[in-house]
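Below is one structure; the comments refer to it alone.
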Amino acid sequence: MVVEREFKKILIANRGEIASRIIRTCKEMGIISVAIYSEVDKNAHHVRKADKSYLVGPGPLEGYLNYHRIVDLAKEIGADAIHPGYGFLSENPDFAKYCEEMGIVFIGPSSDNIALLGNKIASRELAKKVGLPLLPGSDEPIQDTEDALKLANDIGYPVIIKAAFGGGGRGMRVCWDEKELKKYINICISESKKAFGKADIFLEKYLQEPHHIEFQILGDHYGNVIHLGERDCSIQRRHQKLVEIAPSLILDSKLRQEIGDAAVKLAKAVNYTNAGTVEFLVDSKGNFYFMEMNTRIQVEHPVTEVVTGIDIVREQIRIAEGKPLSYTQEEIDLRGYAIEVRICAEDPKNNFMPDFGRITSYNSPGGIGIRLDGAVYQGYTIPPYYDSMIVKLIVYGRTWEETVSRLGRALDEYVIRGIKTTIPFYKKIVNDPDFRNGIFDTEFINKKPYLLEYQDYVDPMDYVITIAAAIAIREGV
Ligand code: MV4
C-alpha cells in the first residue's frame, strides 16, 4: 500500500552542481531544501542556495559518505526524504535500506532493486529472462581461466571482460585473442576485488564502434512505467562521457519505440520505481543490445528534460511522495535537439589532468537555447578533493544544425579564467566536420587526436611580465 503525501523538507546528500540542481526544483515545489557540506565546501554554491545547511565532517569526503549520520540528521531536523543525487551514496543499497528502516523516504528505487541492478551479471540474467537482446556472453561469473577460454572460444574474439560490480569502465578489458584473455583474466579478477570488494567478472562478445544509447525511464508505485526517449552518449574518453545528445541521430521513431519498449519491459519486470536509465549498445545496422541499468538520476539528464519539457527531479520527488506519474507514454513527445558538454577543471593537453584553484574571472553564455547547470562563480576556489566537473552547458535548438551552431556560439561566449578547462577542447569538437554531420561513435575521441591541437588562452599580463623582464635584462637593471 502506498500513501500519497507532500514532502515539506528534503535533505540533499550530495554537493556540486547536482545538489544545486535538486535545490532548484525543491524551491519550485515549495519544499524546504537542506544541504550538507564539508569544511572545504563551506563557500560552495549548494550551501549558499539551500534554505538550510549542516556541516558534516570530519574530512572532505567522509561527511558525504557517512549514511548513518546523514539519515540520523534527516530524522533530527524533521526531513521527510533524502535525495542522493548521483555518485556518493546514490547506488548504495545499504543506504537506501537504512532510510527505509528509519522511516525517511529515499528518493530513488527500492534498496532491493538497487542491489539487483547493481550486479551486472544478475541484470544480464534478468534481461535475458524478459527477452531483451543481449550480446553473447556469460550467464554466470567466470570461475577461472579455463572457464573463460572455453566460453570465449564459443562466442568468438574479440571479447570483453567486465566486472559484475564495476562502473566507470573500471575492471573492463578488451581481449583480441586467447593470449590476451589468458593474460587479463586474473588481473581483472584481482582489480575487481580491490576496486569493488567483489571479484565477480563475466565475458561478452566485444562490439566494435558501437553507439552508447541510453533510455530514461520513470516508474511510479502503481505499476506505471514510461520512457522519455534516449540520449546518445557515444562521445567519451576513457569511459568519461564528454558530450551527450538527445535525441540520437541514429534512431528513427520505429527503432526508438522498439528500444524504449524494451527498456520499459525490463523496468516493469522488477516493479521499478522512480527514475532510471537503461543502457544499450547500438550498431550501425540498428541492432541493439542491453548493457546495464543505472538506478540513479544521471549527470546527462538535462538533455532529456530539454527535449521533453519534463523536470525529472520533480517527477522523482512526486513518485517518492506516492503520486502517480504526471504523464502517460502518449503524452511524451520529443522536440528539437539538445547537446550537453561537461565542462571540467582539467587540462586536456596534459592528459586531462585536473586543474584546481581560484576562478579569477567568470562570464557565462546566455540567450536563446542555453541552459547552465553549475555550481561555480567568480572568486570561487575549486577544492581538489572532488570531481573536476564544474558546470554543464546544455544548448537546444529546433534542428541538429542549429543546435551545433548554438553550442559553438555559447562556447565562444564562455569565459572562465584562473584555471584550465575543457572549453577549448569542446570548441574543436564542435568544429569537427564529422560531428557537425552527426557522425560519431564510441571511438570518436580516440580517432581524432588533432582535437588537442588548439592555442591555450594567454593572459595579456603574461606578455607584459615577459617583455618587462626582457627590458630589465637588456638595460641591466
Ligand atoms: C561494451 C562495449 C562493446 N562490447 N560491451 C562501456 C561502459 C559500459 N557501461 C559499457 N561499455 C561498453 N561495453 C561489449 N560487449 C563497448 C562499451 C563502450 C566502450 C568501450 C570502449 C571504449 C569506449 C566505450 C564507450 C562506451 C561503451
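A note on labels: chains of the C-alpha cells are A, B, ... as shown, every chain counts residues from 1, and ligands are counted from 1 in their shown order.
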Neighbours of ligand 1 within 8 Å, counting only C-alpha atoms and all ligand atoms, as a PDB file with all heavy atoms, in the first residue's frame?
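Written output follows (result.pdb):
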```pdb
ATOM      1  N   LEU A 135      24.286  -9.347 -26.127  1.00  0.00           N
ATOM      2  CA  LEU A 135      25.436  -9.875 -26.860  1.00  0.00           C
ATOM      3  C   LEU A 135      25.744 -11.246 -26.267  1.00  0.00           C
ATOM      4  O   LEU A 135      25.486 -11.471 -25.078  1.00  0.00           O
ATOM      5  CB  LEU A 135      26.636  -8.940 -26.710  1.00  0.00           C
ATOM      6  CG  LEU A 135      26.555  -7.676 -27.574  1.00  0.00           C
ATOM      7  CD1 LEU A 135      27.450  -6.584 -27.017  1.00  0.00           C
ATOM      8  CD2 LEU A 135      26.919  -7.973 -29.033  1.00  0.00           C
ATOM      9  N   VAL A 159      36.550 -10.430 -27.306  1.00  0.00           N
ATOM     10  CA  VAL A 159      35.623 -10.481 -26.165  1.00  0.00           C
ATOM     11  C   VAL A 159      35.997  -9.357 -25.190  1.00  0.00           C
ATOM     12  O   VAL A 159      37.095  -8.809 -25.265  1.00  0.00           O
ATOM     13  CB  VAL A 159      35.676 -11.840 -25.421  1.00  0.00           C
ATOM     14  CG1 VAL A 159      35.207 -12.969 -26.317  1.00  0.00           C
ATOM     15  CG2 VAL A 159      37.063 -12.113 -24.857  1.00  0.00           C
ATOM     16  N   ILE A 160      35.082  -9.052 -24.320  1.00  0.00           N
ATOM     17  CA  ILE A 160      35.359  -8.028 -23.303  1.00  0.00           C
ATOM     18  C   ILE A 160      35.117  -8.629 -21.922  1.00  0.00           C
ATOM     19  O   ILE A 160      34.127  -9.337 -21.712  1.00  0.00           O
ATOM     20  CB  ILE A 160      34.544  -6.733 -23.563  1.00  0.00           C
ATOM     21  CG1 ILE A 160      34.886  -5.619 -22.560  1.00  0.00           C
ATOM     22  CG2 ILE A 160      33.043  -7.005 -23.584  1.00  0.00           C
ATOM     23  CD1 ILE A 160      34.365  -4.241 -22.955  1.00  0.00           C
ATOM     24  N   GLY A 167      32.061  -0.114 -12.598  1.00  0.00           N
ATOM     25  CA  GLY A 167      31.446   1.146 -13.017  1.00  0.00           C
ATOM     26  C   GLY A 167      32.525   2.031 -13.580  1.00  0.00           C
ATOM     27  O   GLY A 167      33.706   1.831 -13.273  1.00  0.00           O
ATOM     28  N   GLY A 168      32.130   2.953 -14.420  1.00  0.00           N
ATOM     29  CA  GLY A 168      33.083   3.904 -14.977  1.00  0.00           C
ATOM     30  C   GLY A 168      34.178   3.257 -15.801  1.00  0.00           C
ATOM     31  O   GLY A 168      35.262   3.819 -15.926  1.00  0.00           O
ATOM     32  N   GLY A 169      33.879   2.069 -16.349  1.00  0.00           N
ATOM     33  CA  GLY A 169      34.851   1.420 -17.225  1.00  0.00           C
ATOM     34  C   GLY A 169      35.954   0.701 -16.479  1.00  0.00           C
ATOM     35  O   GLY A 169      36.796   0.063 -17.099  1.00  0.00           O
ATOM     36  N   MET A 172      37.249  -3.289 -16.795  1.00  0.00           N
ATOM     37  CA  MET A 172      36.892  -3.746 -18.143  1.00  0.00           C
ATOM     38  C   MET A 172      38.141  -3.944 -18.976  1.00  0.00           C
ATOM     39  O   MET A 172      39.070  -3.149 -18.878  1.00  0.00           O
ATOM     40  CB  MET A 172      36.007  -2.696 -18.822  1.00  0.00           C
ATOM     41  CG  MET A 172      34.542  -2.976 -18.657  1.00  0.00           C
ATOM     42  SD  MET A 172      33.460  -1.734 -19.404  1.00  0.00           S
ATOM     43  CE  MET A 172      34.273  -1.361 -20.908  1.00  0.00           C
ATOM     44  N   VAL A 174      39.320  -5.354 -23.077  1.00  0.00           N
ATOM     45  CA  VAL A 174      39.025  -5.983 -24.369  1.00  0.00           C
ATOM     46  C   VAL A 174      40.151  -6.965 -24.687  1.00  0.00           C
ATOM     47  O   VAL A 174      41.322  -6.621 -24.542  1.00  0.00           O
ATOM     48  CB  VAL A 174      38.908  -4.922 -25.485  1.00  0.00           C
ATOM     49  CG1 VAL A 174      38.601  -5.589 -26.827  1.00  0.00           C
ATOM     50  CG2 VAL A 174      37.839  -3.892 -25.152  1.00  0.00           C
ATOM     51  N   LEU A 203      32.101 -12.358 -19.162  1.00  0.00           N
ATOM     52  CA  LEU A 203      32.580 -12.139 -20.529  1.00  0.00           C
ATOM     53  C   LEU A 203      31.423 -11.791 -21.449  1.00  0.00           C
ATOM     54  O   LEU A 203      30.311 -12.269 -21.262  1.00  0.00           O
ATOM     55  CB  LEU A 203      33.194 -13.430 -21.098  1.00  0.00           C
ATOM     56  CG  LEU A 203      34.640 -13.817 -20.835  1.00  0.00           C
ATOM     57  CD1 LEU A 203      35.020 -14.934 -21.791  1.00  0.00           C
ATOM     58  CD2 LEU A 203      35.582 -12.648 -21.004  1.00  0.00           C
ATOM     59  N   GLU A 204      31.738 -10.964 -22.450  1.00  0.00           N
ATOM     60  CA  GLU A 204      30.767 -10.689 -23.506  1.00  0.00           C
ATOM     61  C   GLU A 204      31.509 -10.581 -24.824  1.00  0.00           C
ATOM     62  O   GLU A 204      32.680 -10.203 -24.842  1.00  0.00           O
ATOM     63  CB  GLU A 204      30.078  -9.329 -23.252  1.00  0.00           C
ATOM     64  CG  GLU A 204      28.709  -9.409 -22.656  1.00  0.00           C
ATOM     65  CD  GLU A 204      28.119  -8.027 -22.395  1.00  0.00           C
ATOM     66  OE1 GLU A 204      28.660  -7.019 -22.879  1.00  0.00           O
ATOM     67  OE2 GLU A 204      27.115  -7.974 -21.682  1.00  0.00           O
ATOM     68  N   LYS A 205      30.818 -10.866 -25.895  1.00  0.00           N
ATOM     69  CA  LYS A 205      31.366 -10.575 -27.212  1.00  0.00           C
ATOM     70  C   LYS A 205      31.573  -9.058 -27.287  1.00  0.00           C
ATOM     71  O   LYS A 205      30.712  -8.295 -26.852  1.00  0.00           O
ATOM     72  CB  LYS A 205      30.354 -11.017 -28.279  1.00  0.00           C
ATOM     73  CG  LYS A 205      30.720 -10.624 -29.687  1.00  0.00           C
ATOM     74  CD  LYS A 205      31.306 -11.798 -30.413  1.00  0.00           C
ATOM     75  CE  LYS A 205      31.848 -11.382 -31.776  1.00  0.00           C
ATOM     76  NZ  LYS A 205      32.736 -12.415 -32.319  1.00  0.00           N
ATOM     77  N   TYR A 206      32.730  -8.636 -27.799  1.00  0.00           N
ATOM     78  CA  TYR A 206      33.010  -7.197 -27.876  1.00  0.00           C
ATOM     79  C   TYR A 206      32.469  -6.626 -29.177  1.00  0.00           C
ATOM     80  O   TYR A 206      32.821  -7.068 -30.265  1.00  0.00           O
ATOM     81  CB  TYR A 206      34.517  -6.951 -27.777  1.00  0.00           C
ATOM     82  CG  TYR A 206      34.890  -5.484 -27.861  1.00  0.00           C
ATOM     83  CD1 TYR A 206      34.495  -4.591 -26.871  1.00  0.00           C
ATOM     84  CD2 TYR A 206      35.634  -4.992 -28.929  1.00  0.00           C
ATOM     85  CE1 TYR A 206      34.826  -3.248 -26.945  1.00  0.00           C
ATOM     86  CE2 TYR A 206      35.973  -3.647 -29.009  1.00  0.00           C
ATOM     87  CZ  TYR A 206      35.566  -2.781 -28.010  1.00  0.00           C
ATOM     88  OH  TYR A 206      35.889  -1.454 -28.088  1.00  0.00           O
ATOM     89  N   LEU A 207      31.583  -5.646 -29.048  1.00  0.00           N
ATOM     90  CA  LEU A 207      31.001  -4.981 -30.220  1.00  0.00           C
ATOM     91  C   LEU A 207      31.857  -3.773 -30.572  1.00  0.00           C
ATOM     92  O   LEU A 207      32.089  -2.914 -29.723  1.00  0.00           O
ATOM     93  CB  LEU A 207      29.559  -4.562 -29.892  1.00  0.00           C
ATOM     94  CG  LEU A 207      28.714  -4.005 -31.029  1.00  0.00           C
ATOM     95  CD1 LEU A 207      28.423  -5.070 -32.078  1.00  0.00           C
ATOM     96  CD2 LEU A 207      27.396  -3.437 -30.485  1.00  0.00           C
ATOM     97  N   GLN A 208      32.323  -3.719 -31.826  1.00  0.00           N
ATOM     98  CA  GLN A 208      33.229  -2.642 -32.202  1.00  0.00           C
ATOM     99  C   GLN A 208      32.500  -1.395 -32.701  1.00  0.00           C
ATOM    100  O   GLN A 208      31.511  -1.509 -33.415  1.00  0.00           O
ATOM    101  CB  GLN A 208      34.193  -3.142 -33.281  1.00  0.00           C
ATOM    102  CG  GLN A 208      35.175  -4.163 -32.732  1.00  0.00           C
ATOM    103  CD  GLN A 208      36.017  -4.782 -33.831  1.00  0.00           C
ATOM    104  OE1 GLN A 208      36.700  -4.084 -34.570  1.00  0.00           O
ATOM    105  NE2 GLN A 208      35.950  -6.092 -33.938  1.00  0.00           N
ATOM    106  N   GLU A 209      33.018  -0.248 -32.322  1.00  0.00           N
ATOM    107  CA  GLU A 209      32.495   1.055 -32.745  1.00  0.00           C
ATOM    108  C   GLU A 209      30.967   1.182 -32.612  1.00  0.00           C
ATOM    109  O   GLU A 209      30.276   1.574 -33.548  1.00  0.00           O
ATOM    110  CB  GLU A 209      32.938   1.362 -34.183  1.00  0.00           C
ATOM    111  CG  GLU A 209      34.452   1.344 -34.314  1.00  0.00           C
ATOM    112  CD  GLU A 209      34.949   1.690 -35.714  1.00  0.00           C
ATOM    113  OE1 GLU A 209      34.124   1.902 -36.618  1.00  0.00           O
ATOM    114  OE2 GLU A 209      36.167   1.763 -35.885  1.00  0.00           O
ATOM    115  N   PRO A 210      30.460   0.843 -31.423  1.00  0.00           N
ATOM    116  CA  PRO A 210      29.007   0.969 -31.243  1.00  0.00           C
ATOM    117  C   PRO A 210      28.612   2.389 -30.822  1.00  0.00           C
ATOM    118  O   PRO A 210      29.473   3.222 -30.524  1.00  0.00           O
ATOM    119  CB  PRO A 210      28.738   0.009 -30.089  1.00  0.00           C
ATOM    120  CG  PRO A 210      29.977   0.099 -29.250  1.00  0.00           C
ATOM    121  CD  PRO A 210      31.124   0.371 -30.205  1.00  0.00           C
ATOM    122  N   HIS A 211      27.330   2.632 -30.808  1.00  0.00           N
ATOM    123  CA  HIS A 211      26.803   3.833 -30.164  1.00  0.00           C
ATOM    124  C   HIS A 211      26.353   3.449 -28.770  1.00  0.00           C
ATOM    125  O   HIS A 211      25.803   2.373 -28.560  1.00  0.00           O
ATOM    126  CB  HIS A 211      25.594   4.376 -30.927  1.00  0.00           C
ATOM    127  CG  HIS A 211      25.973   5.225 -32.084  1.00  0.00           C
ATOM    128  ND1 HIS A 211      25.763   6.578 -32.116  1.00  0.00           N
ATOM    129  CD2 HIS A 211      26.564   4.896 -33.248  1.00  0.00           C
ATOM    130  CE1 HIS A 211      26.206   7.060 -33.259  1.00  0.00           C
ATOM    131  NE2 HIS A 211      26.694   6.070 -33.972  1.00  0.00           N
ATOM    132  N   HIS A 212      26.605   4.349 -27.824  1.00  0.00           N
ATOM    133  CA  HIS A 212      26.109   4.166 -26.467  1.00  0.00           C
ATOM    134  C   HIS A 212      24.794   4.952 -26.388  1.00  0.00           C
ATOM    135  O   HIS A 212      24.795   6.177 -26.426  1.00  0.00           O
ATOM    136  CB  HIS A 212      27.151   4.711 -25.473  1.00  0.00           C
ATOM    137  CG  HIS A 212      26.677   4.782 -24.061  1.00  0.00           C
ATOM    138  ND1 HIS A 212      27.384   4.246 -23.014  1.00  0.00           N
ATOM    139  CD2 HIS A 212      25.571   5.332 -23.518  1.00  0.00           C
ATOM    140  CE1 HIS A 212      26.719   4.460 -21.895  1.00  0.00           C
ATOM    141  NE2 HIS A 212      25.625   5.119 -22.172  1.00  0.00           N
ATOM    142  N   CYS A 233      25.288   8.902 -25.818  1.00  0.00           N
ATOM    143  CA  CYS A 233      26.462   9.273 -25.004  1.00  0.00           C
ATOM    144  C   CYS A 233      27.718   8.644 -25.581  1.00  0.00           C
ATOM    145  O   CYS A 233      28.621   8.234 -24.846  1.00  0.00           O
ATOM    146  CB  CYS A 233      26.268   8.829 -23.566  1.00  0.00           C
ATOM    147  SG  CYS A 233      24.735   9.409 -22.836  1.00  0.00           S
ATOM    148  N   SER A 234      27.772   8.544 -26.894  1.00  0.00           N
ATOM    149  CA  SER A 234      28.902   7.848 -27.529  1.00  0.00           C
ATOM    150  C   SER A 234      30.220   8.598 -27.391  1.00  0.00           C
ATOM    151  O   SER A 234      31.278   7.978 -27.406  1.00  0.00           O
ATOM    152  CB  SER A 234      28.599   7.626 -29.014  1.00  0.00           C
ATOM    153  OG  SER A 234      27.443   6.824 -29.150  1.00  0.00           O
ATOM    154  N   ILE A 235      30.159   9.917 -27.282  1.00  0.00           N
ATOM    155  CA  ILE A 235      31.412  10.681 -27.231  1.00  0.00           C
ATOM    156  C   ILE A 235      31.963  10.672 -25.807  1.00  0.00           C
ATOM    157  O   ILE A 235      31.519  11.410 -24.935  1.00  0.00           O
ATOM    158  CB  ILE A 235      31.230  12.104 -27.799  1.00  0.00           C
ATOM    159  CG1 ILE A 235      30.736  11.988 -29.259  1.00  0.00           C
ATOM    160  CG2 ILE A 235      32.540  12.892 -27.714  1.00  0.00           C
ATOM    161  CD1 ILE A 235      30.595  13.299 -29.986  1.00  0.00           C
ATOM    162  N   GLN A 236      32.914   9.758 -25.609  1.00  0.00           N
ATOM    163  CA  GLN A 236      33.504   9.546 -24.296  1.00  0.00           C
ATOM    164  C   GLN A 236      35.014   9.481 -24.431  1.00  0.00           C
ATOM    165  O   GLN A 236      35.536   9.228 -25.500  1.00  0.00           O
ATOM    166  CB  GLN A 236      33.077   8.189 -23.721  1.00  0.00           C
ATOM    167  CG  GLN A 236      31.603   7.898 -23.800  1.00  0.00           C
ATOM    168  CD  GLN A 236      31.216   6.710 -22.941  1.00  0.00           C
ATOM    169  OE1 GLN A 236      32.051   6.054 -22.341  1.00  0.00           O
ATOM    170  NE2 GLN A 236      29.925   6.443 -22.868  1.00  0.00           N
ATOM    171  N   ARG A 237      35.678   9.689 -23.318  1.00  0.00           N
ATOM    172  CA  ARG A 237      37.121   9.485 -23.259  1.00  0.00           C
ATOM    173  C   ARG A 237      37.411   8.677 -22.003  1.00  0.00           C
ATOM    174  O   ARG A 237      37.074   9.105 -20.914  1.00  0.00           O
ATOM    175  CB  ARG A 237      37.857  10.820 -23.208  1.00  0.00           C
ATOM    176  CG  ARG A 237      39.343  10.647 -23.135  1.00  0.00           C
ATOM    177  CD  ARG A 237      40.036  11.971 -22.873  1.00  0.00           C
ATOM    178  NE  ARG A 237      41.416  11.682 -22.526  1.00  0.00           N
ATOM    179  CZ  ARG A 237      41.828  11.442 -21.285  1.00  0.00           C
ATOM    180  NH1 ARG A 237      40.996  11.487 -20.282  1.00  0.00           N
ATOM    181  NH2 ARG A 237      43.093  11.159 -21.064  1.00  0.00           N
ATOM    182  N   ARG A 238      38.014   7.544 -22.176  1.00  0.00           N
ATOM    183  CA  ARG A 238      38.304   6.631 -21.057  1.00  0.00           C
ATOM    184  C   ARG A 238      37.082   6.456 -20.156  1.00  0.00           C
ATOM    185  O   ARG A 238      37.169   6.595 -18.933  1.00  0.00           O
ATOM    186  CB  ARG A 238      39.494   7.150 -20.250  1.00  0.00           C
ATOM    187  CG  ARG A 238      40.739   7.278 -21.112  1.00  0.00           C
ATOM    188  CD  ARG A 238      41.987   7.221 -20.297  1.00  0.00           C
ATOM    189  NE  ARG A 238      43.151   7.366 -21.128  1.00  0.00           N
ATOM    190  CZ  ARG A 238      44.322   7.815 -20.711  1.00  0.00           C
ATOM    191  NH1 ARG A 238      44.467   8.166 -19.446  1.00  0.00           N
ATOM    192  NH2 ARG A 238      45.342   7.893 -21.531  1.00  0.00           N
ATOM    193  N   HIS A 239      35.951   6.199 -20.782  1.00  0.00           N
ATOM    194  CA  HIS A 239      34.689   5.937 -20.088  1.00  0.00           C
ATOM    195  C   HIS A 239      34.152   7.131 -19.308  1.00  0.00           C
ATOM    196  O   HIS A 239      33.230   6.985 -18.510  1.00  0.00           O
ATOM    197  CB  HIS A 239      34.788   4.696 -19.208  1.00  0.00           C
ATOM    198  CG  HIS A 239      35.225   3.509 -20.007  1.00  0.00           C
ATOM    199  ND1 HIS A 239      34.426   2.947 -20.968  1.00  0.00           N
ATOM    200  CD2 HIS A 239      36.393   2.836 -20.049  1.00  0.00           C
ATOM    201  CE1 HIS A 239      35.080   1.958 -21.550  1.00  0.00           C
ATOM    202  NE2 HIS A 239      36.277   1.871 -21.026  1.00  0.00           N
ATOM    203  N   GLU A 279      20.703   1.180 -20.358  1.00  0.00           N
ATOM    204  CA  GLU A 279      21.792   1.428 -21.304  1.00  0.00           C
ATOM    205  C   GLU A 279      21.852   0.335 -22.370  1.00  0.00           C
ATOM    206  O   GLU A 279      21.758  -0.853 -22.043  1.00  0.00           O
ATOM    207  CB  GLU A 279      23.080   1.378 -20.484  1.00  0.00           C
ATOM    208  CG  GLU A 279      24.181   2.281 -20.904  1.00  0.00           C
ATOM    209  CD  GLU A 279      25.383   2.099 -19.974  1.00  0.00           C
ATOM    210  OE1 GLU A 279      25.337   2.634 -18.851  1.00  0.00           O
ATOM    211  OE2 GLU A 279      26.338   1.417 -20.362  1.00  0.00           O
ATOM    212  N   LEU A 281      23.903  -0.828 -26.277  1.00  0.00           N
ATOM    213  CA  LEU A 281      24.826  -0.557 -27.370  1.00  0.00           C
ATOM    214  C   LEU A 281      24.033  -0.753 -28.648  1.00  0.00           C
ATOM    215  O   LEU A 281      23.247  -1.698 -28.761  1.00  0.00           O
ATOM    216  CB  LEU A 281      26.024  -1.506 -27.343  1.00  0.00           C
ATOM    217  CG  LEU A 281      27.016  -1.363 -26.194  1.00  0.00           C
ATOM    218  CD1 LEU A 281      28.196  -2.307 -26.393  1.00  0.00           C
ATOM    219  CD2 LEU A 281      27.497   0.062 -26.019  1.00  0.00           C
ATOM    220  N   MET A 291      22.867  -3.423 -22.046  1.00  0.00           N
ATOM    221  CA  MET A 291      24.138  -3.401 -21.312  1.00  0.00           C
ATOM    222  C   MET A 291      23.929  -3.456 -19.805  1.00  0.00           C
ATOM    223  O   MET A 291      24.374  -4.348 -19.131  1.00  0.00           O
ATOM    224  CB  MET A 291      24.923  -2.110 -21.621  1.00  0.00           C
ATOM    225  CG  MET A 291      25.609  -2.075 -22.955  1.00  0.00           C
ATOM    226  SD  MET A 291      27.050  -3.166 -22.966  1.00  0.00           S
ATOM    227  CE  MET A 291      26.445  -4.405 -24.091  1.00  0.00           C
ATOM    228  N   GLU A 292      23.261  -2.422 -19.278  1.00  0.00           N
ATOM    229  CA  GLU A 292      23.050  -2.371 -17.836  1.00  0.00           C
ATOM    230  C   GLU A 292      21.974  -1.344 -17.515  1.00  0.00           C
ATOM    231  O   GLU A 292      21.547  -0.594 -18.396  1.00  0.00           O
ATOM    232  CB  GLU A 292      24.342  -2.004 -17.102  1.00  0.00           C
ATOM    233  CG  GLU A 292      24.943  -0.683 -17.507  1.00  0.00           C
ATOM    234  CD  GLU A 292      26.335  -0.478 -16.901  1.00  0.00           C
ATOM    235  OE1 GLU A 292      27.317  -1.008 -17.447  1.00  0.00           O
ATOM    236  OE2 GLU A 292      26.414   0.227 -15.891  1.00  0.00           O
ATOM    237  N   THR A 442      31.621   5.481 -30.377  1.00  0.00           N
ATOM    238  CA  THR A 442      32.400   5.478 -29.132  1.00  0.00           C
ATOM    239  C   THR A 442      33.910   5.640 -29.365  1.00  0.00           C
ATOM    240  O   THR A 442      34.652   5.851 -28.411  1.00  0.00           O
ATOM    241  CB  THR A 442      32.140   4.182 -28.334  1.00  0.00           C
ATOM    242  OG1 THR A 442      32.247   3.078 -29.230  1.00  0.00           O
ATOM    243  CG2 THR A 442      30.774   4.192 -27.701  1.00  0.00           C
ATOM    244  N   GLU A 443      34.362   5.537 -30.621  1.00  0.00           N
ATOM    245  CA  GLU A 443      35.790   5.712 -30.916  1.00  0.00           C
ATOM    246  C   GLU A 443      36.120   7.131 -31.398  1.00  0.00           C
ATOM    247  O   GLU A 443      37.263   7.404 -31.795  1.00  0.00           O
ATOM    248  CB  GLU A 443      36.232   4.683 -31.969  1.00  0.00           C
ATOM    249  CG  GLU A 443      36.250   3.240 -31.454  1.00  0.00           C
ATOM    250  CD  GLU A 443      37.191   3.044 -30.260  1.00  0.00           C
ATOM    251  OE1 GLU A 443      38.300   3.601 -30.269  1.00  0.00           O
ATOM    252  OE2 GLU A 443      36.776   2.348 -29.310  1.00  0.00           O
TER     253      GLU A 443
END
```
TODO: Check the DSSP output for the backbone and give back, as number ranges by chain, the residues of range 136-247 of chain A in helix (DSSP H, G or I).
DONE: A: 145-155, 178-196
Open item on the list: Quick one: residues within 9 Å of Ser110 in chain A, only C-alpha atoms, excluding same-chain residues fewer than 6 positions away - as a PyMOL selection string?
Closed with: chain A and resi 93+96-97+100+272-274
Would you save the residues from that selection as a PDB file, in the first residue's frame, using N, CA, C and O atoms?
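Result went into out.pdb, see below:
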```
ATOM      1  N   PRO A  93      22.842   0.216  -1.795  1.00  0.00           N
ATOM      2  CA  PRO A  93      21.583  -0.378  -1.319  1.00  0.00           C
ATOM      3  C   PRO A  93      21.457  -0.342   0.203  1.00  0.00           C
ATOM      4  O   PRO A  93      20.337  -0.251   0.725  1.00  0.00           O
ATOM      5  N   ALA A  96      19.941   3.035   1.087  1.00  0.00           N
ATOM      6  CA  ALA A  96      18.503   3.057   0.781  1.00  0.00           C
ATOM      7  C   ALA A  96      17.730   2.244   1.815  1.00  0.00           C
ATOM      8  O   ALA A  96      16.649   2.641   2.264  1.00  0.00           O
ATOM      9  N   LYS A  97      18.317   1.109   2.210  1.00  0.00           N
ATOM     10  CA  LYS A  97      17.668   0.234   3.185  1.00  0.00           C
ATOM     11  C   LYS A  97      17.585   0.904   4.554  1.00  0.00           C
ATOM     12  O   LYS A  97      16.550   0.842   5.225  1.00  0.00           O
ATOM     13  N   GLU A 100      14.835   3.337   4.499  1.00  0.00           N
ATOM     14  CA  GLU A 100      13.551   2.629   4.593  1.00  0.00           C
ATOM     15  C   GLU A 100      13.268   2.236   6.047  1.00  0.00           C
ATOM     16  O   GLU A 100      12.167   2.450   6.565  1.00  0.00           O
ATOM     17  N   TYR A 272       9.985  -1.588 -10.967  1.00  0.00           N
ATOM     18  CA  TYR A 272      10.901  -0.469 -10.748  1.00  0.00           C
ATOM     19  C   TYR A 272      10.130   0.817 -10.448  1.00  0.00           C
ATOM     20  O   TYR A 272       9.137   1.125 -11.102  1.00  0.00           O
ATOM     21  N   THR A 273      10.617   1.547  -9.462  1.00  0.00           N
ATOM     22  CA  THR A 273      10.033   2.863  -9.179  1.00  0.00           C
ATOM     23  C   THR A 273      11.113   3.939  -9.268  1.00  0.00           C
ATOM     24  O   THR A 273      12.293   3.656  -9.117  1.00  0.00           O
ATOM     25  N   ASN A 274      10.661   5.153  -9.494  1.00  0.00           N
ATOM     26  CA  ASN A 274      11.495   6.357  -9.605  1.00  0.00           C
ATOM     27  C   ASN A 274      12.233   6.418 -10.946  1.00  0.00           C
ATOM     28  O   ASN A 274      11.860   5.750 -11.895  1.00  0.00           O
TER      29      ASN A 274
END
```
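If only C-alpha atoms are the atoms counted, then among A:Leu73, A:Ile317, A:Ile114, A:Ile416 the closest residue to Glu28 in chain A is A:Ile317.
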TODO: Write out as a list in words the residues lying within 12 Å of Gly63 in chain A, counting only C-alpha atoms and excluding same-chain residues fewer than 2 positions away.
DONE: Ala13, Asn14, Arg15, Ala35, Ile36, Tyr37, Ser38, Glu39, Val40, Asp41, Tyr54, Leu55, Val56, Gly57, Pro58, Gly59, Pro60, Leu61, Leu65, Asn66, Tyr67, His68, Arg69, Ile70, Val71, Leu73, Phe88 and Leu89 of chain A
Open item on the list: Show me, as number ranges by chain, the residues that have an atom within 10 Å of Ile23 in chain A when counting only C-alpha atoms, minus same-chain residues fewer than 5 positions from it.
Closed with: A: 10-12, 17-18, 28-29, 31-35, 46-47, 49-51, 313
Keeping only C-alpha atoms, take the residues you just selected and write them out as an mmCIF file, in the first residue's frame.
```
data_model
loop_
_atom_site.group_PDB
_atom_site.id
_atom_site.type_symbol
_atom_site.label_atom_id
_atom_site.label_comp_id
_atom_site.auth_asym_id
_atom_site.auth_seq_id
_atom_site.Cartn_x
_atom_site.Cartn_y
_atom_site.Cartn_z
ATOM 1 C CA ILE A 10 14.193 17.334 1.713
ATOM 2 C CA LEU A 11 17.792 16.688 2.713
ATOM 3 C CA ILE A 12 20.211 16.570 -0.212
ATOM 4 C CA GLU A 17 26.010 21.004 -9.489
ATOM 5 C CA ILE A 18 23.580 18.151 -8.766
ATOM 6 C CA GLU A 28 9.796 25.500 -7.400
ATOM 7 C CA MET A 29 7.783 22.889 -5.474
ATOM 8 C CA ILE A 31 9.800 22.302 -0.416
ATOM 9 C CA ILE A 32 12.472 23.320 2.120
ATOM 10 C CA SER A 33 15.892 22.227 0.830
ATOM 11 C CA VAL A 34 18.585 21.190 3.273
ATOM 12 C CA ALA A 35 22.229 20.910 2.228
ATOM 13 C CA HIS A 46 24.874 24.467 -2.965
ATOM 14 C CA VAL A 47 25.430 25.688 0.612
ATOM 15 C CA LYS A 49 21.487 28.297 -2.281
ATOM 16 C CA ALA A 50 19.902 25.786 0.112
ATOM 17 C CA ASP A 51 17.384 27.006 2.680
ATOM 18 C CA VAL A 313 13.802 15.748 -10.407
#
```
